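Source file: run.cif; contents: mmCIF, C-alpha atoms and all ligand atoms.
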data_my_file
#
loop_
_atom_site.label_atom_id
_atom_site.label_comp_id
_atom_site.auth_asym_id
_atom_site.auth_seq_id
_atom_site.Cartn_x
_atom_site.Cartn_y
_atom_site.Cartn_z
CA MET A 1 -142.16 -89.49 -49.33
CA SER A 2 -143.30 -85.87 -49.23
CA SER A 3 -140.34 -83.51 -48.79
CA VAL A 4 -139.03 -80.04 -49.51
CA LEU A 5 -136.70 -80.26 -52.52
CA CYS A 6 -133.02 -79.36 -52.33
CA THR A 7 -131.90 -76.37 -54.37
CA ILE A 8 -128.94 -75.70 -56.63
CA SER A 9 -127.90 -72.08 -57.25
CA VAL A 10 -126.51 -71.53 -60.75
CA GLU A 11 -124.21 -68.64 -61.60
CA LYS A 12 -124.96 -66.85 -64.86
CA PRO A 13 -123.39 -63.81 -66.52
CA TRP A 14 -126.90 -62.33 -66.66
CA GLY A 15 -127.73 -63.25 -63.03
CA LYS A 16 -127.93 -61.02 -59.95
CA ASP A 17 -125.65 -60.49 -56.96
CA THR A 18 -128.63 -59.48 -54.83
CA LEU A 19 -131.65 -61.74 -54.95
CA PRO A 20 -135.14 -61.02 -53.67
CA PRO A 21 -135.86 -62.67 -50.30
CA PRO A 22 -135.91 -65.44 -49.27
CA PHE A 23 -133.08 -66.14 -51.72
CA THR A 24 -129.50 -64.99 -51.21
CA ALA A 25 -126.53 -64.95 -53.55
CA PRO A 26 -123.17 -65.92 -52.01
CA GLU A 27 -120.71 -63.01 -51.85
CA GLY A 28 -119.27 -62.26 -55.27
CA GLN A 29 -121.60 -64.57 -57.19
CA ARG A 30 -124.17 -63.60 -59.81
CA ILE A 31 -126.95 -66.12 -59.42
CA GLY A 32 -129.33 -66.45 -62.36
CA GLU A 33 -131.17 -69.65 -61.58
CA ILE A 34 -132.29 -71.58 -58.49
CA TRP A 35 -133.07 -75.17 -59.47
CA PHE A 36 -135.16 -77.56 -57.39
CA GLU A 37 -133.64 -81.02 -57.67
CA PRO A 38 -136.19 -83.26 -59.40
CA PRO A 39 -137.30 -86.04 -57.04
CA ALA A 40 -137.27 -89.70 -58.12
CA ALA A 41 -141.08 -89.66 -58.12
CA LEU A 42 -141.17 -86.88 -60.76
CA PRO A 43 -137.93 -87.17 -62.72
CA ASP A 44 -139.21 -85.45 -65.87
CA LEU A 45 -140.08 -82.06 -64.35
CA LEU A 46 -137.70 -79.26 -63.42
CA VAL A 47 -138.77 -76.13 -61.54
CA LYS A 48 -136.51 -73.06 -61.40
CA TYR A 49 -136.62 -69.48 -60.24
CA ILE A 50 -134.89 -67.20 -62.76
CA PHE A 51 -133.57 -63.72 -61.86
CA THR A 52 -132.09 -61.49 -64.56
CA SER A 53 -130.03 -58.32 -64.62
CA GLU A 54 -129.21 -58.61 -68.35
CA LYS A 55 -130.68 -60.32 -71.38
CA LEU A 56 -130.25 -64.08 -71.70
CA SER A 57 -128.96 -65.51 -74.96
CA VAL A 58 -131.23 -65.69 -78.00
CA GLN A 59 -131.76 -69.43 -77.95
CA VAL A 60 -133.83 -72.44 -78.83
CA HIS A 61 -134.38 -75.92 -77.37
CA PRO A 62 -134.93 -79.21 -79.22
CA ASP A 63 -137.94 -81.48 -78.74
CA ASP A 64 -137.69 -85.09 -77.54
CA ASP A 65 -137.44 -86.63 -81.02
CA GLN A 66 -134.80 -84.14 -82.15
CA SER A 67 -132.59 -84.63 -79.09
CA GLU A 68 -132.95 -88.39 -79.43
CA ALA A 69 -132.00 -88.23 -83.12
CA ALA A 70 -128.94 -86.19 -82.08
CA GLY A 71 -127.89 -89.04 -79.76
CA LEU A 72 -128.71 -87.13 -76.56
CA GLY A 73 -131.63 -89.22 -75.37
CA ARG A 74 -135.16 -87.90 -74.87
CA GLN A 75 -134.06 -84.48 -73.65
CA GLY A 76 -136.62 -82.20 -75.27
CA LYS A 77 -137.32 -78.96 -73.51
CA SER A 78 -140.66 -77.25 -73.59
CA GLU A 79 -140.91 -74.72 -70.79
CA CYS A 80 -143.15 -72.06 -69.37
CA TRP A 81 -142.62 -68.79 -67.54
CA TYR A 82 -144.73 -67.32 -64.77
CA VAL A 83 -143.52 -63.77 -64.21
CA ILE A 84 -143.51 -62.92 -60.49
CA ASP A 85 -141.82 -59.52 -60.70
CA ALA A 86 -140.62 -57.22 -63.45
CA GLU A 87 -138.91 -53.85 -63.50
CA PRO A 88 -140.83 -51.21 -65.45
CA GLY A 89 -140.30 -51.80 -69.16
CA ALA A 90 -138.85 -55.33 -68.70
CA THR A 91 -139.44 -57.59 -71.71
CA LEU A 92 -139.38 -61.19 -72.91
CA GLY A 93 -138.45 -61.90 -76.55
CA ILE A 94 -140.52 -64.75 -78.02
CA GLY A 95 -140.84 -65.77 -81.68
CA PHE A 96 -140.44 -63.51 -84.69
CA ALA A 97 -142.41 -60.56 -85.99
CA ARG A 98 -142.70 -62.34 -89.38
CA ASP A 99 -141.81 -65.69 -90.96
CA LEU A 100 -138.07 -66.01 -91.50
CA ASP A 101 -136.29 -68.40 -93.87
CA ALA A 102 -133.29 -70.34 -92.62
CA GLY A 103 -130.74 -68.21 -94.48
CA THR A 104 -132.10 -65.00 -92.97
CA MET A 105 -132.16 -66.48 -89.45
CA ARG A 106 -128.60 -67.74 -89.78
CA ALA A 107 -127.30 -64.38 -91.05
CA ALA A 108 -129.23 -62.53 -88.33
CA SER A 109 -127.76 -64.85 -85.65
CA LEU A 110 -124.26 -64.16 -86.92
CA ASP A 111 -124.60 -60.37 -87.01
CA GLY A 112 -126.86 -60.05 -83.95
CA SER A 113 -129.81 -58.53 -85.77
CA ILE A 114 -131.85 -61.56 -84.65
CA GLU A 115 -132.37 -59.68 -81.38
CA ASP A 116 -134.45 -57.05 -83.17
CA MET A 117 -136.36 -59.63 -85.20
CA LEU A 118 -137.83 -61.16 -82.03
CA VAL A 119 -141.09 -59.78 -80.66
CA TRP A 120 -140.31 -58.28 -77.24
CA HIS A 121 -143.31 -58.41 -74.89
CA GLU A 122 -143.37 -55.92 -72.04
CA VAL A 123 -144.29 -57.93 -68.94
CA ARG A 124 -145.42 -57.53 -65.38
CA ALA A 125 -146.16 -59.92 -62.52
CA GLY A 126 -148.85 -62.37 -63.62
CA ASP A 127 -147.80 -62.66 -67.27
CA PHE A 128 -147.54 -66.31 -68.26
CA PHE A 129 -146.06 -67.81 -71.44
CA TYR A 130 -145.85 -71.45 -72.54
CA ILE A 131 -142.77 -71.87 -74.74
CA PRO A 132 -142.89 -75.02 -76.89
CA ALA A 133 -139.55 -76.58 -77.89
CA ASN A 134 -138.31 -75.04 -81.17
CA THR A 135 -139.50 -71.52 -80.25
CA VAL A 136 -136.69 -68.95 -80.53
CA HIS A 137 -136.67 -66.85 -77.37
CA ALA A 138 -134.67 -64.65 -75.01
CA ILE A 139 -135.62 -63.58 -71.50
CA GLY A 140 -134.89 -59.88 -70.99
CA ALA A 141 -133.28 -57.97 -68.11
CA GLY A 142 -135.05 -57.08 -64.86
CA VAL A 143 -137.35 -60.07 -64.66
CA SER A 144 -138.03 -62.61 -61.89
CA LEU A 145 -139.96 -65.65 -62.99
CA ILE A 146 -140.79 -69.22 -62.09
CA GLU A 147 -139.99 -71.65 -64.86
CA VAL A 148 -141.52 -75.11 -65.06
CA GLN A 149 -139.94 -77.22 -67.78
CA GLN A 150 -139.22 -80.68 -69.08
CA ASN A 151 -136.15 -81.85 -67.17
CA SER A 152 -133.50 -81.10 -69.77
CA ASP A 153 -130.52 -78.78 -69.91
CA ILE A 154 -130.09 -78.53 -73.67
CA THR A 155 -129.98 -74.92 -74.82
CA TYR A 156 -128.75 -73.99 -78.29
CA ARG A 157 -127.51 -70.40 -78.24
CA LEU A 158 -127.91 -68.60 -81.54
CA TYR A 159 -126.64 -65.23 -80.34
CA ASP A 160 -125.18 -64.08 -77.00
CA TYR A 161 -124.49 -60.33 -77.36
CA GLY A 162 -120.76 -60.98 -77.75
CA ARG A 163 -120.40 -62.73 -74.37
CA ALA A 164 -117.58 -65.27 -74.25
CA ARG A 165 -119.88 -68.29 -74.10
CA GLU A 166 -120.20 -71.10 -76.60
CA LEU A 167 -122.74 -70.70 -79.40
CA HIS A 168 -124.56 -73.59 -81.06
CA LEU A 169 -125.57 -72.16 -84.41
CA GLU A 170 -125.71 -75.42 -86.39
CA GLU A 171 -127.64 -77.35 -83.74
CA GLY A 172 -129.93 -74.39 -83.14
CA MET A 173 -130.64 -73.79 -86.82
CA ALA A 174 -131.63 -77.45 -87.16
CA VAL A 175 -134.49 -77.07 -84.66
CA ALA A 176 -135.43 -73.36 -84.64
CA LYS A 177 -138.77 -72.32 -86.09
CA GLY A 178 -138.66 -69.00 -87.93
CA GLU A 179 -142.23 -68.17 -86.96
CA PRO A 180 -144.31 -65.74 -84.91
CA TYR A 181 -145.31 -66.92 -81.42
CA ASP A 182 -148.87 -68.12 -80.94
CA MET A 183 -150.23 -65.61 -78.41
CA ARG A 184 -152.91 -68.14 -77.38
CA LEU A 185 -150.07 -69.65 -75.30
CA HIS A 186 -149.95 -66.45 -73.22
CA GLN A 187 -152.22 -65.82 -70.23
CA THR A 188 -152.63 -62.99 -67.78
CA VAL A 189 -152.90 -64.58 -64.35
CA PRO A 190 -154.72 -62.66 -61.61
CA GLU A 191 -153.24 -62.84 -58.10
CA GLY A 192 -156.26 -64.61 -56.64
CA GLY A 193 -158.34 -67.46 -57.96
CA THR A 194 -157.65 -70.81 -59.54
CA MET A 195 -156.52 -71.13 -63.12
CA ARG A 196 -155.10 -73.89 -65.33
CA LEU A 197 -151.88 -72.67 -66.91
CA VAL A 198 -150.66 -75.76 -68.78
CA GLU A 199 -152.60 -78.84 -69.81
CA GLY A 200 -149.95 -81.14 -71.29
CA PRO A 201 -148.53 -82.64 -73.33
CA PHE A 202 -145.57 -82.81 -70.92
CA PHE A 203 -146.94 -81.46 -67.65
CA LEU A 204 -149.98 -80.01 -65.93
CA LEU A 205 -149.64 -76.69 -64.14
CA ASP A 206 -152.32 -74.98 -62.08
CA LYS A 207 -152.34 -71.78 -60.07
CA VAL A 208 -154.58 -72.56 -57.13
CA GLU A 209 -156.21 -70.44 -54.47
CA GLY A 210 -157.13 -72.48 -51.42
CA PRO A 211 -158.94 -74.45 -50.41
CA VAL A 212 -158.19 -76.91 -53.23
CA GLU A 213 -161.36 -77.65 -55.20
CA GLN A 214 -162.38 -81.18 -56.07
CA ALA A 215 -162.16 -80.39 -59.80
CA ILE A 216 -158.42 -79.68 -59.43
CA ALA A 217 -157.77 -82.42 -56.86
CA GLY A 218 -159.11 -85.05 -59.28
CA ASP A 219 -156.36 -84.18 -61.77
CA TYR A 220 -153.60 -84.88 -59.23
CA PRO A 221 -154.01 -88.52 -58.24
CA GLY A 222 -150.28 -89.17 -57.66
CA ALA A 223 -147.08 -87.32 -56.88
CA LEU A 224 -147.00 -83.58 -57.53
CA LEU A 225 -144.85 -80.53 -56.85
CA VAL A 226 -146.14 -77.64 -54.75
CA ILE A 227 -144.70 -74.14 -55.21
CA PRO A 228 -146.22 -71.75 -52.64
CA ARG A 229 -146.97 -68.20 -53.73
CA SER A 230 -148.08 -67.09 -50.26
CA GLU A 231 -148.09 -68.25 -46.67
CA GLY A 232 -150.66 -70.85 -45.68
CA VAL A 233 -149.40 -73.78 -47.76
CA SER A 234 -148.42 -77.09 -46.20
CA VAL A 235 -147.51 -80.56 -47.38
CA ALA A 236 -147.93 -83.57 -45.07
CA SER A 237 -148.78 -81.08 -42.29
CA LYS A 238 -145.45 -79.23 -42.65
CA ALA A 239 -145.51 -75.58 -43.71
CA VAL A 240 -143.82 -74.92 -47.05
CA ALA A 241 -142.59 -71.36 -47.51
CA VAL A 242 -142.55 -69.08 -50.53
CA GLY A 243 -139.23 -69.80 -52.27
CA GLU A 244 -139.44 -73.52 -51.53
CA CYS A 245 -140.79 -76.32 -53.69
CA ALA A 246 -142.15 -79.49 -52.12
CA LEU A 247 -142.89 -82.97 -53.38
CA ALA A 248 -146.28 -84.24 -52.22
CA ASP A 249 -147.15 -87.93 -52.46
CA ASP A 250 -150.63 -86.94 -53.57
CA ILE A 251 -153.05 -84.04 -53.39
CA HIS A 252 -154.53 -85.25 -50.09
CA CYS A 253 -151.37 -84.26 -48.23
CA VAL A 254 -151.49 -80.74 -49.70
CA GLU A 255 -153.24 -78.05 -47.71
CA ILE A 256 -153.76 -74.58 -49.14
CA ALA A 257 -155.55 -72.34 -46.66
CA GLY A 258 -158.48 -70.24 -47.83
CA GLY A 259 -157.07 -67.26 -49.75
CA ALA A 260 -153.53 -68.73 -49.88
CA THR A 261 -152.07 -69.51 -53.32
CA ALA A 262 -149.67 -72.04 -54.81
CA LEU A 263 -148.65 -73.51 -58.14
CA LEU A 264 -149.25 -77.25 -58.49
CA THR A 265 -147.59 -79.30 -61.20
CA ARG A 266 -147.11 -82.91 -62.26
CA GLY A 267 -145.86 -84.73 -65.34
CA CYS A 268 -148.29 -86.10 -67.95
O1 LIG B 301 -127.93 -69.81 -72.24
P1 LIG B 301 -128.38 -68.83 -71.20
O2 LIG B 301 -128.44 -67.43 -71.73
O3 LIG B 301 -127.61 -68.94 -69.94
O4 LIG B 301 -129.89 -69.22 -70.88
C1 LIG B 301 -130.26 -70.51 -70.42
C2 LIG B 301 -131.63 -70.45 -69.80
O5 LIG B 301 -132.55 -69.92 -70.74
C3 LIG B 301 -133.89 -69.79 -70.30
O6 LIG B 301 -134.67 -69.32 -71.36
C4 LIG B 301 -134.44 -71.11 -69.81
O7 LIG B 301 -134.54 -72.01 -70.89
C5 LIG B 301 -133.51 -71.68 -68.76
O8 LIG B 301 -134.00 -72.94 -68.34
C6 LIG B 301 -132.11 -71.82 -69.33
O9 LIG B 301 -131.22 -72.35 -68.35
#

Would it be possible to restate this file's structure as structure tokens?
Ligand SMILES: O=P(O)(O)OC[C@H]1O[C@@H](O)[C@@H](O)[C@@H](O)[C@@H]1O
Amino acid sequence: MSSVLCTISVEKPWGKDTLPPPFTAPEGQRIGEIWFEPPAALPDLLVKYIFTSEKLSVQVHPDDDQSEAAGLGRQGKSECWYVIDAEPGATLGIGFARDLDAGTMRAASLDGSIEDMLVWHEVRAGDFFYIPANTVHAIGAGVSLIEVQQNSDITYRLYDYGRARELHLEEGMAVAKGEPYDMRLHQTVPEGGTMRLVEGPFFLLDKVEGPVEQAIAGDYPGALLVIPRSEGVSVASKAVAVGECALADDIHCVEIAGGATALLTRGC
């Protein structure tokens, strides 16, 4: 059944007490993430909006085999970030400037110098990064982004700027790659037009300008999620607003008006 997904607002020390419309943070709460509850038809995909006022932890996620070997089930987490707004100078830290051995990464996590070993990319709206599991990363301050990810909540924090949160150095060291990021996983996405952002292995993600072309429609034969980026998007004849995420039974119930834009995603 096509429907607009319910949301969960998650407080984070690096979140914001004022969110860009249409979102609102309850009085006194710093909201960092808005999660869209994965529907039964697409249980393996999680979509979030992320809003930052400070840096997130320097962290890493396991892949499916690693989380299974750790007794946590198939909870791997590859993710991607579509930047929708960024303050001037805002950055995302992804991968290292040079290859690091395990001893160096461990020592740098303990003394915090790992922050400076990451490569910090200055970003603006339209920057897109696919982040495979095992990539060491940290989202910087002043960024709003849409994250599409494998439905997992396993984050191993290597360093957290002295915040009073749990670290997971041993688990993180076991899965972290001390490598530079492959910049072929970055794209610059223009506001208009249609563009494939992710082609597996865990999900497909397309940025689509309406009307939906046959070439895209053919890749979405079953259930999909629709994340409007403008007005003019409807699912099963009901308008879906920017800030919402809707489940569509199939692409034929999705209408994107000419010139309107949306992200479409499904599991692989
Ligand atoms: O551990 P903190 O700093 O709260 O960050 C946790 C967050 O990190 C981001 O990079 C994403 O992976 C989010 O899905 C995750 O919830």

What does the distance from CA of Ser152 in chain A to CA of Thr104 in chain A come to in Å, to one decimal?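 Distance between the two atoms: 28.3 Å.
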
Distance limit 6 Å, reference ligand LIG 301 (chain B), atoms considered: only C-alpha atoms and all ligand atoms. Which residues make the cut? Give them as an MDAnalysis selection string. chainID A and resid 56:57 138:139

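Computed from the coordinates, the CA of Gly243 in chain A to CA of Gly32 in chain A distance equals 14.5 Å.
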
One-decimal distance in Å that lies between CA of Gln149 in chain A and CA of Lys55 in chain A: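 Rounded to one decimal, the two atoms are 19.6 Å apart.
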
So that I can check the surroundings of His186 in chain A, please list as a list of chain:residue names every protein, DNA and RNA residue that reaches within 6 Å of it, counting all atoms listed in the file and ignoring chain neighbours fewer than 3 positions away.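 The residues that qualify are A:Phe128, A:Phe129, A:Met183.
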
Nearest residue to Ala97 in chain A out of A:Glu54, A:Asp160, A:Glu179, A:Glu122, using only C-alpha atoms? A:Glu179

Anything within 10 Å of (-141.8, -63.6, -80.4): list those residues as JSON, numbers by chain, counting all atoms listed in the file and sticking to the file's coordinates. {"A": [92, 93, 94, 95, 96, 97, 98, 117, 118, 119, 120, 121, 135, 136, 137, 138, 178, 179, 180, 181, 182, 183]}

Near range 203-221 of chain A, 12 Å: range 118-160 of chain A residue rows, closest pairs, only C-alpha atoms, as CSV:
residue,atom,partner,partner_atom,distance
A:Gly126,CA,A:Lys207,CA,10.6
A:Phe128,CA,A:Lys207,CA,11.0
A:Tyr130,CA,A:Leu205,CA,10.6
A:Pro132,CA,A:Phe203,CA,12.0
A:Ile146,CA,A:Leu205,CA,11.8
A:Glu147,CA,A:Leu205,CA,10.9
A:Val148,CA,A:Leu205,CA,8.3
A:Gln149,CA,A:Phe203,CA,8.2
A:Gln150,CA,A:Phe203,CA,7.9
A:Asn151,CA,A:Phe203,CA,10.8

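Considering all atoms listed in the file, the residue among A:Gly162, A:Pro88, A:Pro190, A:Gly258 positioned nearest to Gly140 in chain A is A:Pro88.
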
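Residue nearest Gln187 in chain A, chosen from A:Ala262, A:Cys80, A:Val10, A:Cys268 and counting all atoms listed in the file: A:Cys80.
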
Which residues are near Lys77 in chain A? Cut-off 12 Å, only C-alpha atoms, ignore same chain within fewer than 4 positions. Put them as an MDAnalysis selection string. chainID A and resid 44:46 59:68 73 130:135 147:156 175 201:203
